Amino acid sequence: MKRLLMPLVVFVALAVLLGVGLTLRPGEIPSPLVGRVAPDFTVESLRNPQRSVSLSDLRGEVSVINVWASWCAACEDEHPYVMALADEVPVYGLNYKDERDKAIAWLDRQGDNYTASLYDPDGKVGLEWGVYGVPETYILDAEGVVRKKHIGAITERTLREEILPLVRQLQAEAES
Amino acid sequence: MISLRWLMTALLILAVAATAFGKGDDPFADPEREARFRHIAQELRCLVCQGESILDSNADLAKDMRAKVRELMREGRSDEAIRRYMTERYGDFVLFRPPLKPATWVLWFAPALLGITAVGVALVIARRRSDRHPQVLSPEEHDRLRRLLDDENDQI
Amino acid sequence: MIGELGLFALVLALVLALMQAALPLAGAHRGQRQWMAVARPAAVGQLLMLALSLAALATAFLQNDFSLAYVAENSNTALPWYYRLTAVWGAHEGSLLLWAVVLGSWSVAVAAWSRQLPEIFVARVLGVMGLVSVGFLAFTLLTSNPFERLTPVPAEGRDLNPLLQDPGMIAHPPMLYMGYVGFSVAFAFAIAALLGGRLDAAWARWSRPWTTAAWVFLTLGISIGSWWAYYELGWGGWWFWDPVENASFMPWLTGTALIHSLSVTEKRGAFRGWTVLLAIVTFSLSLLGTFLVRSGVLTSVHSFATDPARGAFILGLLILVVGGSLVLYAWRAPRLAAGGSFGLVSREMALLLNNALLCVAAATVLIGTLYPLALDAFGLGKVSVGPPYFEAVFVPLMLPLLAMMGIGSLVRWKRHAAGPLARTLLPAATATLCAGLASLWWLGEVPPLAALGLALSVWIAWTSVQAVADRVRGRRRRWQALRTTPRSVWGMALAHFGLAVFAAGVTVVSTLDLERDVRLAPGESIEAAGYTWTLQSVRSTEGPNYSAERGEITVNRDGRTVATLYPEERVYRMQSNPMTEAGINAGLFRDFYVALGERRADGSWTVRIQLKPLVRWIWLGTLFMALGGGLAITDPRYRRLTERARLGAEAPA
């Protein structure tokens with residue numbers, strides 16, 4: 001009898017696993033960067049090709065890097081929330097695999113209060129950072145350590161429940 | 001929720017469709033080097049295409065990753081170092097051959113264990129069956145079986 | 001209007017499915033003949049309604065009725081009419097409807113060809129199939145209605161996924177579903193037998209042709225899918241160990257085990273409990289496949305647009321069907337008698353080992369497919385389990401299976417003395433050894449594993465021919481002996497021979513193929529594998545709903561053109577992602593395969609050129625397997641048996 005119950009036991013375990021699986025998000029791949037110092041880079045500024053921006057400029061305070069592109073529909077959706085976030089914390093826009101004039105036109109249209117806009121036309125920085133689809137948003141603490149990677153568009157809810165609390169907590173940590 | 005998922009899909013497709021900037025993805029002239037490249041690229045997963053290797057994918061990101069692998073090869077890095085470079089950025093997810101570590105022990109060892117167990121069980125069953133007195137069917141059953149199975153024994 | 005008609009028919013089908021499930025099962029339980037008699041007409045009525053519903057959806061596609069959301073999502077006025085028709089099952093909702101139609105067809109087939117079976121048994125079988133149908137129709141209606149209206153009505157549809165605009169797509173899903181769903185018959189037979197409390201040789205003989213039929217369809221469906229992927233996805237692979245492919249491969253493996261275990265149960269009355277369990281497991285894996293494809297728990301190139309509500313629904317269905325039947329199994333199976341004894345050297349033993357290895361193989365595929373999900377669920381990170389893993393663990397499991405197959409075809413039932421068996425196998429073993437050594441010597445640098453693969457192909461081919469030849473040898477009237485050889489023996493020999501062809505193809509194409517990425521400007525040539533490949537030109541062309549760059553590549557040897565290939569790079573207007581259409585010249589011994597990459601700034605192109613030796617043998621082999629299965633089904637003894645079973649009529653259990 002016990003032997004005959006084996007298949008049922010295996011199936012129940014499988015069903016539980018599948019049930020848990022339904023709550024997971026297979027499209028999101030966690031970044032191994034989280035918890036580590038973000039890889040450094042030096043790139044041109046989007047609006048001013050003569051100026052170059054390095055990651056080291058960002059150290060010393062909590063900051064956010066928002067990866068976006070003018071060809072990305074979801075970036076338009078999240079942009080208002082990114083701008084709202086920029087009121088609280090320096091947000092750097094990393095323009096990913098885009099063309100300069102299109103990107104600038106997009107910013108002029110959608111609004112731009114990024115602390116600085118970085119230009120990564122061939123995705124070099126993106127590769128270093130493990131970007132695989134835009135939009136993506138990285139939250140860095142004052143030491144330049146990546147504390148969170150948000151994949152996909154920021155919504156009103158994720159901003160309120162996930163991103164802002166973390167940013168505030170990191171800012172409090174940095175002050176103490 | 002549904003629309004968010006849809007958007008995610010849409011943006012991934014856009015990422016695939018966007019104009020290619022990937023440079024430096026030209027094949028190596030040296031066939032041996034190219035073969036080594038293929039071997040590495042075949043076991044790296046393209047993250048946006050879900051299920052294709054970067055060698056086979058047309059996606060933009062795959063092109064960039066191919067170019068990066070070639071660049072790292074030109075820098076003289078070992079296969080292992082190239083794989084490490086990728087996992088440091090994308091995690092173990094990027095490897096089609098999962099690394100052997102405690103979390104993957106079951107994955108790597110289960111087939112062999114199951115195989116040995118199954119063959120063992122089969123042998124035990126066979127041993128038990130071969131010892132047993134052949135007459136295990138009830139007389140009616142036996143009769144019925146004989147009626148049904150009066151075809152030649154060597155049929156399948 | 002047509003949408004409402006389709007929906008109405010679908011609802012009626014659900015009502016009829018409920019009747020087909022409830023009345024016959026209750027009737028069988030209480031011995032009510034009239035209730036049991038509802039099974040057949042209800043099955044026929046259900047199929048009629050489902051066919052009407054499918055026809056309504058097809059009509060909506062043909063008429064470009066974009067007021068239906070499903071049509072608007074998956075069709076377009078520029079889409080040729082035949083693809084508009086196949087677009088019916090091009091996405092989730094419609095393919096689910098097709099699933100239901102296929103299930104209805106199997107039910108009617110059972111209803112039609114079961115006149116000789118005991119009434120109570122047929123009632124139970126159709127009742128169980130009706131239950132499955134209720135589940136799937138409820139799923140369709142509640143979460144995936146293909147007749148959902150769309151307002152405002154768009155002027156143009158979003159077009160069918162370009163990957164699916166292909167002849168292979170016409171046949172692949174229906175075949176695959178015929179296979180998947182066909183195992184529901186074996187499942188229903190098993191459940192009916194458990195309910196009735198008798199599982200005997202007669203039961204095994206009734207289920208065998210149905211199981212084999214489903215297996216034949218699944219074999220064909222999987223190989224068409226593999227062939228489609230080979231030419232359509234543009235990179236020349238034929239199997240990717242993608243989760244969705246694995247989902248169809250698992251029931252194939254256990255279904256193959258089931259066919260063999262059924263033969264033992266039929267012939268020797270042994271392994272009854274195991275056979276029943278396999279029948280349940282095989283259909284459960286078909287359902288699991290449906291869950292994996294449609295719930296979005298696994299990411300795959302093939303997966304449909306996903307929705308968590310659908311996943312939860314199918315999981316519930318899975319728990320009801322599989323959980324319920326496994327409980328029934330645990331409760332009823334102890335009553336089963338053990339069956340006849342057999343020696344360590346016997347066909348029973350060979351088939352037992354065959355079953356053990358096939359099930360371990362299926363379990364391995366299951367573990368590999370679900371492992372990323374399991375790690376993620378335990379919060380242990382995300383991994384990918386891809387082809388390198390499956391190749392590493394699968395090949396060592398298949399080699400002993402292939403070795404066992406050769407013995408299994410020739411060893412006798414019950415007991416076979418080792419000495420005579422060894423003498424029977426000696427010529428085959430000699431040939432195998434020679435083939436192995438010859439391939440090592442002749443092919444020079446092939447890895448030893450490839451030589452082993454080729455040797456085992458010879459081993460299986462030889463023994464499967466011998467399985468027929470031994471029946472003839474030593475007889476005076478050879479022709480007569482050949483003619484009286486049962487079709488099931490022919491079928492087995494042909495299917496096994498097919499596997500030999502398949503294994504040879506796989507071995508050769510995976511070790512000796514040539515694949516190179518090159519840069520060619522129009523007019524330029526390259527030497528590879530003893531051929532001169534020349535990119536003659538690249539021109540722009542227009543298709544009905546796409547525009548393309550079309551290359552012309554000639555393959556020359558000794559100044560003679562052996563093949564001209566036309567690879568394309570297509571951009572579909574509505575969906576705008578570039579698609580690679582490979583240029584293929586097929587041959588029995590080799591395929592030339594080229595695909596255009598991208599155009600460079602200087603006007604040159606990256607081109608992937610491939611020479612694939614014996615790649616056609618892969619599908620030729622599976623075709624033989626399917627034909628072998630088909631031949632076995634036609635064995636007259638299945639018809640004779642049913643008559644006999646009626647004579648020895650069963651009392652209601």
# chains A, B, ... in the order shown; residues from 1 in each chain; ligands from 1
>>> closest_atom_pairs(of="chain C", to="chain B", cutoff="7 Å", atoms="only C-alpha atoms", output="Markdown table")
| residue | atom | partner | partner_atom | distance |
| --- | --- | --- | --- | --- |
| C:Ala201 | CA | B:Leu145 | CA | 6.6 |
| C:Trp235 | CA | B:Asp56 | CA | 6.1 |
| C:Asp242 | CA | B:Gly51 | CA | 6.4 |
| C:Ser263 | CA | B:Ile156 | CA | 6.3 |
| C:Lys267 | CA | B:Leu149 | CA | 6.7 |
| C:Thr299 | CA | B:Gln50 | CA | 6.1 |
| C:Ser300 | CA | B:Gln50 | CA | 5.7 |
| C:Val301 | CA | B:Gly51 | CA | 6.3 |
| C:Asp307 | CA | B:Ile2 | CA | 6.7 |
| C:Gly339 | CA | B:Val136 | CA | 6.5 |
| C:Gly340 | CA | B:Pro134 | CA | 6.1 |
| C:Ser341 | CA | B:Arg129 | CA | 4.8 |
| C:Phe342 | CA | B:Ser130 | CA | 5.0 |
| C:Gly343 | CA | B:Ser130 | CA | 4.9 |
| C:Leu344 | CA | B:Ala126 | CA | 6.1 |
| C:Met349 | CA | B:Ala126 | CA | 6.6 |
| C:Leu352 | CA | B:Ala122 | CA | 6.4 |
| C:Leu353 | CA | B:Ala122 | CA | 6.4 |
| C:Ala356 | CA | B:Ala118 | CA | 5.4 |
| C:Leu357 | CA | B:Gly115 | CA | 6.7 |
| C:Val360 | CA | B:Gly115 | CA | 5.9 |
| C:Thr364 | CA | B:Pro111 | CA | 5.6 |
| C:Ile367 | CA | B:Leu107 | CA | 6.7 |
| C:Gly368 | CA | B:Leu107 | CA | 6.7 |
| C:Tyr371 | CA | B:Leu107 | CA | 6.9 |
| C:Lys382 | CA | B:Phe93 | CA | 5.5 |
| C:Val383 | CA | B:Phe93 | CA | 4.2 |
| C:Ser384 | CA | B:Phe93 | CA | 5.0 |
| C:Val385 | CA | B:Phe96 | CA | 5.4 |
| C:Gly386 | CA | B:Phe96 | CA | 4.4 |
| C:Pro387 | CA | B:Phe96 | CA | 6.9 |
| C:Pro388 | CA | B:Arg97 | CA | 5.4 |
| C:Tyr389 | CA | B:Arg97 | CA | 5.4 |
| C:Val393 | CA | B:Pro111 | CA | 6.8 |
| C:Arg412 | CA | B:Asp154 | CA | 6.8 |
| C:Ser488 | CA | B:Ile156 | CA | 6.7 |
| C:Val489 | CA | B:Ile156 | CA | 6.5 |
| C:Asp517 | CA | B:Pro27 | CA | 6.3 |
| C:Val518 | CA | B:Pro27 | CA | 6.4 |
| C:Asn577 | CA | B:Ala17 | CA | 5.4 |
>>> write_last_selection(atoms="N, CA and C atoms", output="compact mmCIF listing (two decimals), in the first residue's frame")
# COMPACT_ATOMS: atom_id res chain seq x y z
N ALA C 201 -5.51 -9.50 -19.14
CA ALA C 201 -4.89 -9.51 -20.46
C ALA C 201 -5.83 -8.90 -21.49
N TRP C 235 18.57 28.37 -37.83
CA TRP C 235 19.94 28.11 -37.43
C TRP C 235 20.32 26.63 -37.50
N ASP C 242 14.12 22.73 -25.44
CA ASP C 242 13.32 23.84 -24.95
C ASP C 242 12.23 23.26 -24.05
N SER C 263 2.43 -4.79 -23.83
CA SER C 263 2.65 -6.06 -24.51
C SER C 263 2.92 -7.17 -23.49
N LYS C 267 0.48 -10.30 -23.12
CA LYS C 267 0.99 -11.64 -23.45
C LYS C 267 1.16 -12.53 -22.22
N THR C 299 9.73 30.04 -19.24
CA THR C 299 9.82 30.88 -20.43
C THR C 299 10.35 30.03 -21.56
N SER C 300 9.78 30.24 -22.71
CA SER C 300 10.15 29.42 -23.84
C SER C 300 9.81 30.16 -25.11
N VAL C 301 10.50 29.81 -26.18
CA VAL C 301 10.16 30.43 -27.46
C VAL C 301 8.74 30.11 -27.87
N ASP C 307 -1.11 34.23 -18.58
CA ASP C 307 -2.04 34.88 -17.69
C ASP C 307 -2.12 33.99 -16.45
N GLY C 339 0.64 -11.86 -11.91
CA GLY C 339 0.99 -12.31 -13.25
C GLY C 339 2.07 -13.37 -13.24
N GLY C 340 2.40 -13.84 -14.43
CA GLY C 340 3.27 -15.00 -14.58
C GLY C 340 4.72 -14.73 -14.20
N SER C 341 5.43 -15.82 -13.96
CA SER C 341 6.84 -15.68 -13.60
C SER C 341 7.69 -15.67 -14.87
N PHE C 342 8.91 -15.19 -14.72
CA PHE C 342 9.81 -15.20 -15.87
C PHE C 342 11.25 -15.27 -15.38
N GLY C 343 12.10 -15.71 -16.26
CA GLY C 343 13.51 -15.85 -15.90
C GLY C 343 14.28 -14.56 -16.10
N LEU C 344 15.52 -14.55 -15.63
CA LEU C 344 16.34 -13.36 -15.75
C LEU C 344 16.68 -13.07 -17.21
N MET C 349 12.04 -9.59 -18.96
CA MET C 349 13.13 -8.87 -18.30
C MET C 349 13.64 -7.74 -19.19
N LEU C 352 11.22 -5.02 -19.05
CA LEU C 352 11.25 -4.37 -17.74
C LEU C 352 12.38 -3.35 -17.71
N LEU C 353 13.55 -3.76 -18.21
CA LEU C 353 14.68 -2.83 -18.23
C LEU C 353 14.40 -1.67 -19.19
N ALA C 356 12.30 0.65 -17.29
CA ALA C 356 13.06 1.34 -16.26
C ALA C 356 13.85 2.49 -16.89
N LEU C 357 14.52 2.21 -18.01
CA LEU C 357 15.37 3.24 -18.61
C LEU C 357 14.53 4.37 -19.22
N VAL C 360 13.27 6.53 -16.41
CA VAL C 360 14.34 7.37 -15.87
C VAL C 360 14.64 8.51 -16.84
N THR C 364 14.37 12.35 -15.97
CA THR C 364 15.51 13.25 -16.18
C THR C 364 15.07 14.52 -16.93
N ILE C 367 13.10 16.62 -14.51
CA ILE C 367 13.96 17.31 -13.54
C ILE C 367 14.66 18.49 -14.20
N GLY C 368 15.23 18.24 -15.38
CA GLY C 368 15.93 19.31 -16.07
C GLY C 368 15.01 20.46 -16.43
N TYR C 371 13.84 22.19 -13.01
CA TYR C 371 14.85 22.57 -12.02
C TYR C 371 14.97 24.09 -11.84
N LYS C 382 18.54 31.92 -10.04
CA LYS C 382 18.02 31.47 -11.33
C LYS C 382 19.13 30.80 -12.12
N VAL C 383 18.81 29.65 -12.64
CA VAL C 383 19.76 28.98 -13.52
C VAL C 383 19.06 28.64 -14.82
N SER C 384 19.85 28.31 -15.81
CA SER C 384 19.31 27.81 -17.06
C SER C 384 19.76 26.37 -17.21
N VAL C 385 18.85 25.53 -17.65
CA VAL C 385 19.23 24.16 -17.94
C VAL C 385 19.02 23.97 -19.43
N GLY C 386 20.10 23.91 -20.16
CA GLY C 386 19.98 23.91 -21.61
C GLY C 386 20.54 22.65 -22.25
N PRO C 387 20.68 22.67 -23.57
CA PRO C 387 21.14 21.50 -24.31
C PRO C 387 22.40 20.84 -23.74
N PRO C 388 23.43 21.60 -23.29
CA PRO C 388 24.62 20.89 -22.82
C PRO C 388 24.31 19.94 -21.66
N TYR C 389 23.39 20.36 -20.77
CA TYR C 389 23.03 19.48 -19.66
C TYR C 389 22.34 18.24 -20.18
N VAL C 393 23.48 14.20 -19.79
CA VAL C 393 22.85 13.17 -18.97
C VAL C 393 22.00 12.20 -19.79
N ARG C 412 13.19 -14.69 -26.08
CA ARG C 412 11.86 -15.29 -25.97
C ARG C 412 11.15 -14.88 -24.69
N SER C 488 1.94 -7.20 -36.22
CA SER C 488 2.56 -6.55 -35.06
C SER C 488 4.06 -6.83 -35.04
N VAL C 489 4.47 -8.00 -35.54
CA VAL C 489 5.91 -8.27 -35.61
C VAL C 489 6.56 -7.37 -36.66
N ASP C 517 30.32 30.66 -40.01
CA ASP C 517 29.80 32.00 -40.28
C ASP C 517 30.85 32.70 -41.12
N VAL C 518 30.45 33.18 -42.29
CA VAL C 518 31.42 33.84 -43.16
C VAL C 518 30.86 35.18 -43.61
N ASN C 577 9.49 42.37 -36.91
CA ASN C 577 10.79 41.84 -36.53
C ASN C 577 11.37 41.03 -37.68
>>> select_by_dssp(residues="segment 20-174 of chain A", states="strand (DSSP E or B)", output="PyMOL selection string")
chain A and resi 37+42-45+52-54+63-68+91-96+116-120+136-140+145-151
>>> residues_around(residues="Glu88 of chain B", least_positions_apart="5", cutoff="10 Å", atoms="only C-alpha atoms", output="list in words")
Ser31, Pro32, Leu33, Glu128, Trp129 and Gly130 of chain A; Ile82, Arg83 and Val94 of chain B
>>> write_last_selection(atoms="C-alpha atoms", output="PDB file, in the first residue's frame")
ATOM      1  CA  SER A  31      21.379  40.816 -11.111  1.00  0.00           C
ATOM      2  CA  PRO A  32      24.566  39.538  -9.505  1.00  0.00           C
ATOM      3  CA  LEU A  33      25.557  43.197  -9.212  1.00  0.00           C
ATOM      4  CA  GLU A 128      28.955  45.871 -18.132  1.00  0.00           C
ATOM      5  CA  TRP A 129      25.906  46.417 -15.980  1.00  0.00           C
ATOM      6  CA  GLY A 130      24.040  43.383 -17.196  1.00  0.00           C
TER       7      GLY A 130
ATOM      8  CA  ILE B  82      34.910  34.594 -20.382  1.00  0.00           C
ATOM      9  CA  ARG B  83      32.169  32.582 -18.734  1.00  0.00           C
ATOM     10  CA  VAL B  94      23.401  33.017 -18.666  1.00  0.00           C
TER      11      VAL B  94
END
>>> closest_atom_pairs(of="chain C", to="chain A", cutoff="8 Å", atoms="only C-alpha atoms", output="Markdown table")
| residue | atom | partner | partner_atom | distance |
| --- | --- | --- | --- | --- |
| C:Ser295 | CA | A:Leu22 | CA | 7.3 |
| C:Gly296 | CA | A:Leu22 | CA | 7.6 |
| C:Val297 | CA | A:Leu22 | CA | 5.7 |
| C:Leu298 | CA | A:Pro26 | CA | 6.4 |
| C:Thr299 | CA | A:Pro26 | CA | 6.4 |
| C:Pro308 | CA | A:Leu22 | CA | 6.5 |
| C:Gly311 | CA | A:Leu22 | CA | 6.7 |
| C:Ala312 | CA | A:Leu22 | CA | 7.2 |
| C:Leu315 | CA | A:Gly19 | CA | 7.2 |
| C:Ile319 | CA | A:Ala15 | CA | 7.0 |
| C:Val322 | CA | A:Phe11 | CA | 7.9 |
| C:Gly323 | CA | A:Leu8 | CA | 6.6 |
| C:Leu326 | CA | A:Leu8 | CA | 5.5 |
| C:Val327 | CA | A:Leu8 | CA | 6.8 |
| C:Tyr329 | CA | A:Leu4 | CA | 7.4 |
| C:Ala330 | CA | A:Leu4 | CA | 4.9 |
| C:Ala333 | CA | A:Leu4 | CA | 7.5 |
| C:Pro334 | CA | A:Met1 | CA | 6.8 |
| C:Leu373 | CA | A:Gly21 | CA | 6.2 |
| C:Ala374 | CA | A:Leu17 | CA | 6.6 |
| C:Asp376 | CA | A:Leu24 | CA | 7.7 |
| C:Ala377 | CA | A:Val20 | CA | 6.2 |
| C:Gly381 | CA | A:Pro30 | CA | 7.6 |
| C:Lys382 | CA | A:Ile29 | CA | 6.9 |
>>> write_last_selection(atoms="C-alpha atoms", output="JSON list (two decimals), in the first residue's frame")
[["chain", "number", "residue", "atom", "x", "y", "z"],
["C", 295, "SER", "CA", 0.71, 29.02, -17.57],
["C", 296, "GLY", "CA", 3.86, 31.01, -18.17],
["C", 297, "VAL", "CA", 5.79, 29.32, -15.35],
["C", 298, "LEU", "CA", 8.55, 28.55, -17.79],
["C", 299, "THR", "CA", 9.82, 30.88, -20.43],
["C", 308, "PRO", "CA", -1.77, 33.72, -14.07],
["C", 311, "GLY", "CA", -2.18, 28.82, -14.90],
["C", 312, "ALA", "CA", -4.13, 28.48, -11.66],
["C", 315, "LEU", "CA", -3.18, 23.53, -12.14],
["C", 319, "ILE", "CA", -4.70, 18.25, -9.44],
["C", 322, "VAL", "CA", -4.01, 13.37, -11.84],
["C", 323, "GLY", "CA", -4.45, 13.51, -8.10],
["C", 326, "LEU", "CA", -3.49, 8.41, -8.40],
["C", 327, "VAL", "CA", -5.69, 8.12, -5.31],
["C", 329, "TYR", "CA", -4.72, 3.78, -8.19],
["C", 330, "ALA", "CA", -3.42, 3.56, -4.62],
["C", 333, "ALA", "CA", -4.28, -1.43, -7.47],
["C", 334, "PRO", "CA", -3.54, -3.74, -4.49],
["C", 373, "LEU", "CA", 11.56, 26.66, -11.40],
["C", 374, "ALA", "CA", 12.40, 24.68, -8.26],
["C", 376, "ASP", "CA", 13.65, 29.90, -8.02],
["C", 377, "ALA", "CA", 10.83, 28.69, -5.77],
["C", 381, "GLY", "CA", 18.71, 31.87, -7.66],
["C", 382, "LYS", "CA", 18.02, 31.47, -11.33]]
>>> interface_residues(of="chain A", to="chain B", cutoff="12 Å", atoms="only C-alpha atoms", output="ChimeraX atom specification")
/A:25-34,36-39,68-78,96-99,120-136,149,151-155,157
>>> write_last_selection(atoms="C-alpha atoms", output="short mmCIF file (atom, residue, chain, number, x, y, z; two decimals), in the first residue's frame")
data_model
loop_
_atom_site.label_atom_id
_atom_site.label_comp_id
_atom_site.auth_asym_id
_atom_site.auth_seq_id
_atom_site.Cartn_x
_atom_site.Cartn_y
_atom_site.Cartn_z
CA ARG A 25 8.24 35.88 -12.46
CA PRO A 26 10.39 33.90 -14.86
CA GLY A 27 11.16 36.90 -17.04
CA GLU A 28 13.07 38.68 -14.30
CA ILE A 29 16.65 37.68 -13.95
CA PRO A 30 18.22 38.82 -10.68
CA SER A 31 21.38 40.82 -11.11
CA PRO A 32 24.57 39.54 -9.51
CA LEU A 33 25.56 43.20 -9.21
CA VAL A 34 23.24 43.68 -6.26
CA ARG A 36 28.50 44.78 -5.09
CA VAL A 37 30.20 48.01 -6.05
CA ALA A 38 28.82 49.07 -9.40
CA PRO A 39 31.26 48.73 -12.29
CA TRP A 68 15.98 54.07 -21.06
CA ALA A 69 15.72 54.55 -24.82
CA SER A 70 13.53 56.57 -27.13
CA TRP A 71 12.44 53.38 -28.96
CA CYS A 72 11.13 51.84 -25.77
CA ALA A 73 7.38 52.17 -25.28
CA ALA A 74 7.39 51.22 -21.62
CA CYS A 75 9.92 53.99 -20.91
CA GLU A 76 7.29 56.55 -21.81
CA ASP A 77 4.90 54.94 -19.35
CA GLU A 78 7.32 54.99 -16.48
CA TYR A 96 20.81 52.86 -24.09
CA LYS A 97 21.38 51.93 -27.75
CA ASP A 98 19.78 55.02 -29.12
CA GLU A 99 20.52 57.88 -31.49
CA ASP A 120 25.60 54.64 -24.37
CA PRO A 121 24.90 54.21 -28.10
CA ASP A 122 26.44 50.76 -28.54
CA GLY A 123 25.34 49.27 -25.25
CA LYS A 124 28.89 48.95 -23.83
CA VAL A 125 27.94 50.22 -20.40
CA GLY A 126 24.72 48.26 -20.61
CA LEU A 127 26.68 45.05 -21.06
CA GLU A 128 28.95 45.87 -18.13
CA TRP A 129 25.91 46.42 -15.98
CA GLY A 130 24.04 43.38 -17.20
CA VAL A 131 21.23 45.33 -18.85
CA TYR A 132 19.07 43.02 -20.92
CA GLY A 133 15.91 44.95 -21.64
CA VAL A 134 14.90 48.51 -21.07
CA PRO A 135 13.70 50.10 -18.88
CA GLU A 136 15.83 48.99 -15.96
CA LYS A 149 17.79 46.42 -9.65
CA ILE A 151 13.44 45.35 -14.13
CA GLY A 152 10.68 46.74 -16.32
CA ALA A 153 8.69 49.91 -16.04
CA ILE A 154 8.32 51.69 -12.73
CA THR A 155 4.66 52.14 -11.83
CA ARG A 157 2.79 51.34 -6.96
#
>>> select_by_dssp(residues="segment 80-157 of chain A", states="helix (DSSP H, G or I)", output="number ranges by chain")
A: 80-86, 100-110, 124-129, 156-157
>>> residues_around(residues="Val110 of chain C", least_positions_apart="2", cutoff="10 Å", atoms="only C-alpha atoms", output="list in words")
Arg40, Ala43, Gly104, Ser105, Trp106, Ser107, Val108, Ala112, Trp113, Ser114, Arg115, Val122, Val125, Leu126, Met129, Val185 and Trp210 of chain C
>>> write_last_selection(atoms="N, CA and C atoms", output="compact mmCIF listing (two decimals), in the first residue's frame")
# COMPACT_ATOMS: atom_id res chain seq x y z
N ARG C 40 -22.60 7.08 -25.80
CA ARG C 40 -22.27 7.20 -27.23
C ARG C 40 -22.94 8.41 -27.88
N ALA C 43 -21.35 11.64 -26.80
CA ALA C 43 -20.02 11.88 -27.38
C ALA C 43 -20.16 12.41 -28.80
N GLY C 104 -12.79 15.37 -28.46
CA GLY C 104 -14.10 14.92 -28.91
C GLY C 104 -13.98 13.85 -29.99
N SER C 105 -13.02 14.04 -30.91
CA SER C 105 -12.86 13.06 -31.99
C SER C 105 -12.41 11.71 -31.44
N TRP C 106 -11.48 11.72 -30.50
CA TRP C 106 -11.05 10.44 -29.91
C TRP C 106 -12.23 9.76 -29.21
N SER C 107 -13.05 10.57 -28.52
CA SER C 107 -14.19 9.97 -27.82
C SER C 107 -15.11 9.28 -28.81
N VAL C 108 -15.38 9.97 -29.93
CA VAL C 108 -16.27 9.39 -30.92
C VAL C 108 -15.64 8.14 -31.54
N ALA C 112 -17.27 4.53 -31.57
CA ALA C 112 -17.55 3.80 -32.80
C ALA C 112 -16.90 2.43 -32.83
N TRP C 113 -15.66 2.33 -32.33
CA TRP C 113 -14.95 1.05 -32.44
C TRP C 113 -14.91 0.28 -31.12
N SER C 114 -15.98 0.35 -30.38
CA SER C 114 -15.96 -0.40 -29.12
C SER C 114 -17.24 -1.23 -29.00
N ARG C 115 -17.86 -1.50 -30.15
CA ARG C 115 -19.12 -2.23 -30.12
C ARG C 115 -18.97 -3.57 -29.41
N VAL C 122 -17.31 0.39 -21.66
CA VAL C 122 -17.38 1.52 -22.59
C VAL C 122 -17.98 2.74 -21.88
N VAL C 125 -15.27 4.26 -19.81
CA VAL C 125 -14.24 4.90 -20.62
C VAL C 125 -14.75 6.25 -21.15
N LEU C 126 -15.92 6.23 -21.75
CA LEU C 126 -16.45 7.48 -22.32
C LEU C 126 -16.78 8.48 -21.21
N MET C 129 -13.55 10.15 -20.29
CA MET C 129 -13.14 11.11 -21.32
C MET C 129 -14.05 12.33 -21.30
N VAL C 185 -7.23 8.20 -24.09
CA VAL C 185 -7.95 6.95 -24.27
C VAL C 185 -7.33 5.87 -23.38
N TRP C 210 -5.15 1.56 -29.21
CA TRP C 210 -5.41 2.98 -28.94
C TRP C 210 -4.15 3.68 -28.49
>>> residues_around(residues="Ala56 of chain C", least_positions_apart="6", cutoff="7 Å", atoms="only C-alpha atoms", output="list of chain:residue names")
C:Ile2, C:Gly3, C:Leu5, C:Gly6
>>> write_last_selection(atoms="C-alpha atoms", output="compact mmCIF listing (two decimals), in the first residue's frame")
# COMPACT_ATOMS: atom_id res chain seq x y z
CA ILE C 2 -20.77 34.02 -36.23
CA GLY C 3 -19.01 34.59 -32.91
CA LEU C 5 -22.96 30.93 -32.89
CA GLY C 6 -19.52 29.55 -32.08
>>> residues_around(residues="segment 12-18 of chain C", least_positions_apart="5", cutoff="6 Å", atoms="only C-alpha atoms", output="tab-separated table (two decimals) with N, CA and C atoms, in the first residue's frame")
chain	number	residue	atom	x	y	z
C	42	ALA	N	-24.05	11.08	-26.58
C	42	ALA	CA	-23.54	12.33	-26.01
C	42	ALA	C	-22.19	12.66	-26.61
C	46	GLN	N	-21.46	15.95	-28.71
C	46	GLN	CA	-20.44	16.88	-28.25
C	46	GLN	C	-19.49	17.22	-29.39
C	49	MET	N	-21.04	19.64	-31.87
C	49	MET	CA	-21.05	21.01	-31.38
C	49	MET	C	-19.65	21.63	-31.42
C	130	GLY	N	-15.32	12.11	-20.99
C	130	GLY	CA	-16.24	13.24	-20.86
C	130	GLY	C	-15.81	14.17	-19.73
C	134	VAL	N	-15.03	18.06	-19.92
C	134	VAL	CA	-15.69	19.08	-19.12
C	134	VAL	C	-14.66	20.06	-18.58
C	137	LEU	N	-13.29	22.24	-21.48
C	137	LEU	CA	-14.28	23.19	-22.02
C	137	LEU	C	-14.56	24.30	-21.01
